[in-house]
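Source file: coords37.cif. Holds: mmCIF, C-alpha atoms.
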```
data_data
loop_
_atom_site.label_atom_id
_atom_site.label_comp_id
_atom_site.auth_asym_id
_atom_site.auth_seq_id
_atom_site.Cartn_x
_atom_site.Cartn_y
_atom_site.Cartn_z
CA ILE A 313 0.00 0.00 0.00
CA GLY A 314 1.47 3.37 -1.02
CA ILE A 315 1.87 5.91 -3.80
CA ASN A 316 4.32 5.98 -6.70
CA VAL A 317 5.00 9.06 -8.84
CA SER A 318 6.95 9.14 -12.12
CA GLY A 319 7.43 11.45 -15.08
CA ASN A 320 9.16 11.70 -18.42
CA PHE A 321 10.29 14.39 -20.85
CA SER A 322 12.00 14.18 -24.21
CA TYR A 323 12.96 16.78 -26.81
CA THR A 324 14.15 16.23 -30.37
CA ARG A 325 15.12 18.65 -33.12
CA ALA A 326 15.79 17.85 -36.76
CA ASN A 327 17.01 20.13 -39.55
CA GLN A 328 16.68 19.11 -43.17
CA HIS A 329 18.05 20.86 -46.24
CA GLY A 330 17.08 19.53 -49.65
CA GLY A 331 15.51 20.19 -53.01
CA PHE A 332 12.07 19.97 -54.53
CA PHE A 333 10.63 16.58 -55.40
CA GLY A 334 7.92 15.39 -57.73
CA GLU A 335 7.30 15.40 -61.49
CA ASN A 336 8.30 18.53 -63.38
CA GLN A 337 7.73 17.73 -67.03
CA VAL A 338 4.45 19.64 -66.93
CA GLY A 339 3.43 22.54 -64.74
CA GLY A 340 5.59 25.08 -62.99
CA THR A 341 7.63 22.90 -60.65
CA ALA A 342 11.36 22.84 -60.10
CA SER A 343 12.26 19.27 -59.22
CA SER A 344 15.93 18.47 -59.83
CA PHE A 345 15.20 14.80 -59.14
CA ALA A 346 12.61 14.48 -61.89
CA ARG A 347 14.75 16.44 -64.34
CA SER A 348 17.69 14.10 -63.69
CA LEU A 349 15.46 11.11 -64.32
CA PHE A 350 14.49 12.31 -67.81
CA LEU A 351 17.91 13.57 -68.90
CA ALA A 352 19.58 11.82 -71.80
CA ARG A 353 22.39 9.54 -70.69
CA ASN A 354 24.92 11.44 -72.81
CA TRP A 355 24.20 14.73 -71.02
CA ASP A 356 27.38 16.14 -69.49
CA LEU A 357 26.48 17.36 -66.01
CA ASN A 358 29.95 18.92 -65.66
CA LEU A 359 29.04 21.66 -68.14
CA PRO A 360 28.59 25.16 -66.67
CA PHE A 361 25.03 25.77 -65.49
CA GLU A 362 25.10 29.45 -64.42
CA ASP A 363 26.75 32.74 -65.27
CA LYS A 364 28.70 34.91 -62.85
CA ASN A 365 25.44 36.39 -61.50
CA GLY A 366 23.90 32.97 -60.81
CA ILE A 367 21.51 33.17 -63.76
CA PRO A 368 20.95 29.73 -65.36
CA LEU A 369 22.53 29.15 -68.78
CA GLN A 370 19.41 28.26 -70.74
CA PRO A 371 17.55 30.02 -73.55
CA ASN A 372 14.37 30.89 -71.63
CA VAL A 373 12.36 29.99 -68.53
CA THR A 374 9.96 27.78 -70.49
CA GLY A 375 12.68 25.13 -70.71
CA TYR A 376 13.78 22.88 -67.85
CA ASP A 377 16.05 23.85 -65.00
CA ASN A 378 19.51 22.33 -64.98
CA PRO A 379 19.34 19.85 -62.08
CA ARG A 380 22.59 21.19 -60.63
CA TRP A 381 21.21 24.73 -60.72
CA SER A 382 17.97 23.57 -59.07
CA ALA A 383 19.86 21.70 -56.35
CA LYS A 384 21.79 24.89 -55.56
CA TYR A 385 19.06 27.52 -55.73
CA ASN A 386 15.63 25.85 -55.47
CA THR A 387 15.74 24.60 -51.91
CA ILE A 388 13.52 23.47 -49.06
CA ASN A 389 14.64 23.90 -45.45
CA SER A 390 12.63 22.18 -42.72
CA ASN A 391 13.15 22.57 -38.98
CA GLU A 392 11.18 20.14 -36.86
CA GLU A 393 10.84 20.23 -33.08
CA ARG A 394 9.03 17.67 -30.98
CA PHE A 395 8.66 17.24 -27.26
CA VAL A 396 6.86 14.58 -25.29
CA ALA A 397 6.07 15.02 -21.61
CA GLY A 398 4.07 12.96 -19.19
CA GLY A 399 3.37 12.28 -15.56
CA HIS A 400 1.97 9.23 -13.80
CA PHE A 401 1.02 8.19 -10.31
CA ASP A 402 -0.52 5.06 -8.86
CA PHE A 403 -1.98 4.60 -5.43
CA THR A 404 -2.83 1.30 -3.79
CA ILE A 405 -5.73 2.00 -1.45
CA LYS A 406 -6.10 -1.61 -0.37
CA LYS A 407 -4.54 -4.84 -1.52
CA TRP A 408 -7.30 -5.25 -4.10
CA ILE A 409 -7.92 -1.58 -5.03
CA ARG A 410 -5.44 0.39 -7.14
CA VAL A 411 -5.81 3.80 -8.77
CA ASP A 412 -3.66 4.86 -11.76
CA TYR A 413 -3.63 8.30 -13.36
CA SER A 414 -1.49 9.55 -16.23
CA LEU A 415 -1.40 12.84 -18.10
CA GLY A 416 0.74 13.48 -21.14
CA THR A 417 1.26 15.73 -24.13
CA ASN A 418 2.91 15.32 -27.52
CA VAL A 419 3.74 18.49 -29.45
CA ALA A 420 5.25 18.62 -32.94
CA ARG A 421 6.13 21.80 -34.83
CA ILE A 422 7.49 22.06 -38.38
CA ASP A 423 8.84 25.29 -39.83
CA ARG A 424 9.38 24.88 -43.58
CA ARG A 425 10.89 27.44 -46.01
CA GLU A 426 10.62 26.78 -49.76
CA VAL A 427 12.65 28.97 -52.09
CA THR A 428 12.27 29.10 -55.88
CA GLU A 429 14.98 31.43 -57.12
CA ILE A 430 14.75 34.02 -59.88
CA GLY A 431 15.51 32.36 -63.23
CA SER A 432 13.86 29.03 -62.54
CA ARG A 433 11.23 27.72 -64.96
CA ALA A 434 8.92 27.55 -61.93
CA ALA A 435 7.15 30.66 -60.64
CA SER A 436 7.33 32.16 -64.15
CA GLY A 437 11.02 32.83 -63.62
CA LEU A 438 10.24 35.58 -61.08
CA GLY A 439 10.99 33.67 -57.90
CA ARG A 440 8.77 32.52 -55.04
CA LEU A 441 8.96 32.04 -51.28
CA VAL A 442 6.62 29.74 -49.34
CA LEU A 443 6.63 29.71 -45.53
CA ASP A 444 4.77 26.91 -43.76
CA ASP A 445 4.32 26.91 -39.97
CA TYR A 446 2.65 23.67 -38.82
CA ARG A 447 1.93 22.67 -35.23
CA LYS A 448 0.11 19.69 -33.74
CA GLN A 449 -0.56 19.12 -30.06
CA GLU A 450 -2.14 16.07 -28.46
CA LEU A 451 -3.22 15.86 -24.82
CA GLU A 452 -4.10 12.54 -23.20
CA SER A 453 -5.57 11.90 -19.75
CA ASN A 454 -6.26 8.42 -18.34
CA LEU A 455 -7.77 7.48 -14.99
CA ILE A 456 -8.07 3.74 -14.21
CA VAL A 457 -9.33 2.03 -11.08
CA THR A 458 -8.39 -1.66 -10.86
CA LEU A 459 -10.32 -4.02 -8.58
CA THR A 460 -9.09 -7.57 -7.86
CA PRO A 461 -11.29 -8.82 -5.00
CA GLU A 462 -10.85 -12.25 -3.49
CA LEU A 463 -13.88 -14.45 -4.15
CA ASN A 464 -15.30 -17.03 -1.74
CA ASN A 465 -14.74 -19.74 -4.31
CA GLN A 466 -10.97 -20.07 -4.74
CA ASP A 467 -11.42 -21.62 -8.19
CA PHE A 468 -12.51 -18.25 -9.59
CA ASN A 469 -10.64 -14.98 -9.89
CA LEU A 470 -12.05 -11.62 -10.91
CA LYS A 471 -10.46 -8.45 -12.30
CA VAL A 472 -12.44 -5.28 -12.93
CA LEU A 473 -11.18 -2.08 -14.57
CA VAL A 474 -13.18 1.13 -14.75
CA GLY A 475 -11.81 4.35 -16.09
CA ASN A 476 -12.02 7.66 -17.87
CA ASN A 477 -10.13 8.78 -20.98
CA ILE A 478 -9.85 12.30 -22.40
CA ASN A 479 -8.06 13.02 -25.68
CA GLN A 480 -7.67 16.40 -27.37
CA ARG A 481 -5.92 17.14 -30.67
CA THR A 482 -5.22 20.65 -31.94
CA ILE A 483 -3.69 21.47 -35.33
CA THR A 484 -2.68 24.87 -36.68
CA ASP A 485 -1.14 25.46 -40.09
CA ALA A 486 -0.30 28.89 -41.52
CA LEU A 487 0.99 29.00 -45.10
CA GLN A 488 2.26 32.28 -46.57
CA THR A 489 3.41 32.81 -50.13
CA GLY A 490 5.49 35.63 -51.53
CA ASN A 491 5.69 35.96 -55.33
CA GLN A 492 8.29 37.76 -57.48
CA PHE A 493 11.51 38.50 -55.63
CA ILE A 494 12.60 42.12 -55.87
CA THR A 495 16.29 41.37 -55.32
CA LYS A 496 17.85 37.99 -56.11
CA GLY A 497 19.27 36.11 -53.14
CA ILE A 498 17.22 37.79 -50.39
CA HIS A 499 14.62 35.25 -49.37
CA THR A 500 12.14 37.15 -47.19
CA LEU A 501 8.49 38.06 -47.66
CA THR A 502 9.37 41.76 -47.57
CA ASN A 503 11.56 41.16 -50.64
CA THR A 504 8.59 39.98 -52.73
CA SER A 505 6.18 42.10 -54.74
CA GLN A 506 3.04 40.17 -53.76
CA GLN A 507 2.22 38.35 -50.53
CA GLN A 508 -0.80 36.25 -49.66
CA PHE A 509 -2.07 33.85 -47.01
CA THR A 510 -2.30 30.62 -48.98
CA ASN A 511 -3.59 28.58 -46.06
CA ASP A 512 -4.72 29.27 -42.50
CA ILE A 513 -6.01 26.17 -40.69
CA TYR A 514 -7.16 25.64 -37.12
CA THR A 515 -8.80 22.40 -35.98
CA ARG A 516 -9.54 21.00 -32.53
CA GLN A 517 -11.03 17.62 -31.69
CA ARG A 518 -11.90 16.29 -28.25
CA ILE A 519 -13.14 12.87 -27.11
CA ILE A 520 -14.24 11.98 -23.57
CA GLY A 521 -14.76 8.32 -22.76
CA LEU A 522 -15.92 6.14 -19.87
CA PHE A 523 -15.06 2.45 -20.00
CA GLY A 524 -15.17 -0.79 -18.08
CA ASP A 525 -13.34 -4.10 -18.48
CA VAL A 526 -14.28 -7.28 -16.58
CA THR A 527 -12.32 -10.55 -16.69
CA LEU A 528 -13.47 -13.72 -14.93
CA GLY A 529 -11.08 -16.66 -14.73
CA TYR A 530 -11.63 -20.26 -13.67
CA LYS A 531 -8.71 -22.37 -12.41
CA ASN A 532 -6.40 -20.37 -14.64
CA PHE A 533 -7.48 -22.23 -17.79
CA ALA A 534 -10.85 -20.69 -18.68
CA PHE A 535 -11.39 -16.96 -19.10
CA LEU A 536 -14.33 -14.76 -19.98
CA ASN A 537 -13.84 -11.07 -20.75
CA GLY A 538 -16.28 -8.26 -21.47
CA THR A 539 -15.75 -4.56 -22.17
CA LEU A 540 -18.04 -1.58 -22.49
CA ARG A 541 -17.15 1.96 -23.52
CA ASN A 542 -19.10 5.15 -24.11
CA ASP A 543 -17.57 8.11 -25.93
CA TRP A 544 -18.64 11.72 -26.32
CA SER A 545 -17.13 13.45 -29.36
CA SER A 546 -16.92 17.13 -30.18
CA THR A 547 -17.04 16.46 -33.94
CA LEU A 548 -20.56 15.00 -33.99
CA PRO A 549 -23.96 16.72 -33.58
CA VAL A 550 -25.14 17.13 -30.00
CA GLU A 551 -27.88 14.51 -30.42
CA ASN A 552 -25.42 11.95 -31.86
CA ARG A 553 -22.20 12.75 -30.05
CA SER A 554 -22.65 9.96 -27.44
CA TYR A 555 -22.12 6.40 -28.64
CA LEU A 556 -21.71 3.07 -26.85
CA TYR A 557 -19.85 -0.03 -28.00
CA PRO A 558 -19.17 -3.38 -26.28
CA SER A 559 -17.08 -6.52 -26.74
CA ILE A 560 -17.02 -10.05 -25.34
CA SER A 561 -14.42 -12.80 -25.64
CA GLY A 562 -13.52 -16.12 -24.10
CA SER A 563 -10.60 -18.52 -24.09
CA LEU A 564 -9.92 -22.05 -22.92
CA VAL A 565 -6.57 -23.78 -22.35
CA PHE A 566 -7.95 -27.20 -23.16
CA THR A 567 -4.71 -29.08 -22.41
CA ASP A 568 -5.02 -27.92 -18.80
CA ALA A 569 -8.81 -28.18 -18.64
CA PHE A 570 -8.81 -31.84 -19.76
CA ASN A 571 -5.42 -32.68 -18.21
CA ILE A 572 -3.97 -33.74 -21.56
CA LYS A 573 -0.51 -35.26 -21.18
CA SER A 574 1.18 -35.90 -24.48
CA ASN A 575 4.71 -35.94 -25.89
CA PHE A 576 3.28 -34.56 -29.12
CA LEU A 577 0.94 -31.76 -27.93
CA ASP A 578 2.41 -29.56 -25.20
CA TYR A 579 -0.07 -26.73 -25.09
CA GLY A 580 -3.44 -26.01 -26.65
CA LYS A 581 -5.68 -22.97 -26.38
CA VAL A 582 -8.78 -21.86 -28.27
CA ARG A 583 -10.36 -18.43 -28.20
CA ALA A 584 -13.36 -16.63 -29.65
CA GLY A 585 -14.51 -13.05 -29.51
CA TRP A 586 -16.92 -10.47 -30.83
CA ALA A 587 -16.29 -6.72 -30.71
CA LYS A 588 -18.01 -3.56 -31.83
CA VAL A 589 -15.96 -0.39 -32.14
CA GLY A 590 -17.23 3.15 -32.68
CA ARG A 591 -15.48 6.15 -34.17
CA ASP A 592 -16.28 9.79 -34.75
CA ALA A 593 -15.66 12.06 -37.73
CA ALA A 594 -13.01 14.54 -38.74
CA PRO A 595 -13.43 18.03 -37.22
CA TYR A 596 -15.90 20.42 -38.85
CA SER A 597 -17.71 17.83 -40.97
CA LEU A 598 -21.23 19.01 -40.15
CA ASN A 599 -21.73 22.04 -42.41
CA ASP A 600 -20.77 23.11 -45.90
CA VAL A 601 -18.77 26.30 -45.56
CA TYR A 602 -17.45 28.50 -48.34
CA THR A 603 -13.69 28.91 -48.53
CA ILE A 604 -12.32 32.27 -49.64
CA ASP A 605 -9.56 31.60 -52.14
CA PRO A 606 -6.66 33.93 -52.95
CA SER A 607 -7.62 36.54 -55.50
CA PHE A 608 -6.87 36.01 -59.17
CA MET A 609 -6.16 39.17 -61.15
CA GLY A 610 -7.58 41.12 -58.20
CA VAL A 611 -10.86 39.16 -58.13
CA PRO A 612 -11.44 36.96 -55.03
CA ALA A 613 -13.27 33.66 -55.28
CA ALA A 614 -15.29 31.51 -52.88
CA THR A 615 -15.68 27.74 -53.26
CA LEU A 616 -17.50 24.92 -51.52
CA PRO A 617 -15.64 21.76 -50.43
CA SER A 618 -15.66 18.77 -52.77
CA THR A 619 -16.99 16.55 -49.96
CA ALA A 620 -20.59 17.09 -48.83
CA ASN A 621 -20.96 17.54 -45.07
CA SER A 622 -24.05 16.65 -43.04
CA PRO A 623 -25.53 18.20 -39.86
CA ASP A 624 -27.11 14.79 -39.12
CA LEU A 625 -23.81 12.91 -39.03
CA LYS A 626 -23.76 9.74 -36.91
CA PRO A 627 -20.87 7.73 -35.46
CA GLU A 628 -19.43 4.89 -37.52
CA PHE A 629 -19.38 1.34 -36.12
CA THR A 630 -17.28 -1.65 -37.08
CA GLU A 631 -18.00 -5.20 -35.90
CA GLU A 632 -15.50 -8.05 -35.76
CA ILE A 633 -15.70 -11.76 -35.01
CA GLU A 634 -12.46 -13.52 -34.16
CA LEU A 635 -11.73 -17.24 -33.83
CA GLY A 636 -8.27 -18.54 -33.08
CA THR A 637 -6.04 -21.09 -31.47
CA GLN A 638 -2.56 -21.34 -30.01
CA LEU A 639 -0.80 -24.68 -30.14
CA SER A 640 2.64 -25.92 -29.11
CA PHE A 641 4.12 -29.23 -30.20
CA ALA A 642 7.05 -31.51 -29.40
CA LYS A 643 8.21 -29.75 -26.27
CA ARG A 644 7.89 -26.32 -27.91
CA ARG A 645 10.29 -27.21 -30.69
#
```

In structure tokens, how does this file's structure come out?
Amino acid sequence: IGINVSGNFSYTRANQHGGFFGENQVGGTASSFARSLFLARNWDLNLPFEDKNGIPLQPNVTGYDNPRWSAKYNTINSNEERFVAGGHFDFTIKKWIRVDYSLGTNVARIDRREVTEIGSRAASGLGRLVLDDYRKQELESNLIVTLTPELNNQDFNLKVLVGNNINQRTITDALQTGNQFITKGIHTLTNTSQQQFTNDIYTRQRIIGLFGDVTLGYKNFAFLNGTLRNDWSSTLPVENRSYLYPSISGSLVFTDAFNIKSNFLDYGKVRAGWAKVGRDAAPYSLNDVYTIDPSFMGVPAATLPSTANSPDLKPEFTEEIELGTQLSFAKRR
């Protein structure tokens, strides 16, 4: 009987410097990888690819970027930071009553800078800067009470778990684009002639759950287990946000149950189970909302999503039936 307290914290940071990827035979992309793939095998990559001012040696921007020039000037820099922190305590009230609680968070942030330099076939040869600031945070809370009472009949043993789970996920993503560099080599938004918010996303999803898990064992060879969970989701309509799903399973170690002694069969177990699992929807799936797109030639546009949303959305359920066995032969050889 007593209390135990523990915690953990970890921090990682990764920096990546590379080029653009993808297919660049059509459209205004600047992938040095794709260009290398389609180059003739007799192409001499040791030939000069830029003049003294860093301008590519090619007739016009409608051609393809020299892959060496792209690798040098069309770059993507990504800085990723992630930290994971958590705390846990358990308290044994009595020999058969134990309380566990844990709280943790997982935060990831990516800062990405994409530069398309002046002279590239992409961005109409005028240059482009894309800044992407992405952040995702997940919070998790778990409270579990474990009961293992002693039964009057020593042939049976019982284990009961009841608990509460809370999970919250928050995502923000701000994407800014600057078009047409004013001065070559200065990669800031203030050095572009036109700036726009290409993307500005905020989503939050929260699930609260109550659950129970009961396992009844008989002479350590027969087991019956049942679970029940009810979730409340923030992404579903108020009238449908609560949903319940159960499961039941059983197993029998028949070599112990029937006292089978054999040099051929060492261990035999059969199991069967049925489960129903519920899930909610992605955030903001209830209403069709117009999205204001960046202006084209000074004229803004508004569009509806390609997926139809529904204010009457219901949780999704999946059912599973499982049958299985575990066998061991010839002294576990």

Kindly assemble as CSV a list of the range 380-410 of chain A residues that lie within 7 Å of range 418-421 of chain A, each paired with its nearest atom pair and their distance in Å to one decimal, using all atoms listed in the file, sorted first by chain and then by ascending residue number.
```
residue,atom,partner,partner_atom,distance
A:Glu392,CA,A:Arg421,CA,5.7
A:Glu393,CA,A:Arg421,CA,5.3
A:Arg394,CA,A:Ala420,CA,4.4
A:Phe395,CA,A:Val419,CA,5.5
A:Val396,CA,A:Asn418,CA,4.6
A:Ala397,CA,A:Asn418,CA,6.7
```

Coordinates-based distance that separates CA of Trp408 in chain A from CA of Leu470 in chain A (Å, one decimal):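 Atom-to-atom, CA of Leu470 in chain A and CA of Trp408 in chain A are spaced 10.5 Å apart.
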
Q.
For the PyMOL selection byres ((chain A and resi 579) around 9), applied here, can you spell out every residue it catches as a PyMOL selection string?
A. chain A and resi 565-568+572+577-578+580-581+638-641+643-644

Hey, can you spit out that residue selection with C-alpha atoms as a JSON list (two decimals), keeping the file's coordinate frame?
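Generated file (part.json):
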```
[["chain", "number", "residue", "atom", "x", "y", "z"],
["A", 565, "VAL", "CA", -6.57, -23.78, -22.35],
["A", 566, "PHE", "CA", -7.95, -27.20, -23.16],
["A", 567, "THR", "CA", -4.71, -29.08, -22.41],
["A", 568, "ASP", "CA", -5.02, -27.92, -18.80],
["A", 572, "ILE", "CA", -3.97, -33.74, -21.56],
["A", 577, "LEU", "CA", 0.94, -31.76, -27.93],
["A", 578, "ASP", "CA", 2.41, -29.56, -25.20],
["A", 580, "GLY", "CA", -3.44, -26.01, -26.65],
["A", 581, "LYS", "CA", -5.68, -22.97, -26.38],
["A", 638, "GLN", "CA", -2.56, -21.34, -30.01],
["A", 639, "LEU", "CA", -0.80, -24.68, -30.14],
["A", 640, "SER", "CA", 2.64, -25.92, -29.11],
["A", 641, "PHE", "CA", 4.12, -29.23, -30.20],
["A", 643, "LYS", "CA", 8.21, -29.75, -26.27],
["A", 644, "ARG", "CA", 7.89, -26.32, -27.91]]
```

With distances taken over all atoms listed in the file, the candidate from A:Phe523, A:Phe350, A:Tyr530, A:Phe333 nearest Ala383 in chain A is A:Phe333

message: Restricting the calculation to all atoms listed in the file: of A:Ser382, A:Gln449, A:Asn358, A:Asn320, which residue gets closest to His400 in chain A?
response: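 Once distances to His400 in chain A are computed over all atoms listed in the file, the minimum belongs to A:Asn320.
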
Here is a test: counting only C-alpha atoms, which residue of A:Ile560, A:Ala346, A:Leu487, A:Val442 is nearest to Leu501 in chain A?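 The answer is A:Val442, which sits nearest to Leu501 in chain A.
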
Exactly which residues make up the result of the PyMOL selection byres ((chain A and resi 524) around 8) on this file, given as a ChimeraX atom specification? /A:472-475,522-523,525-526,539-541
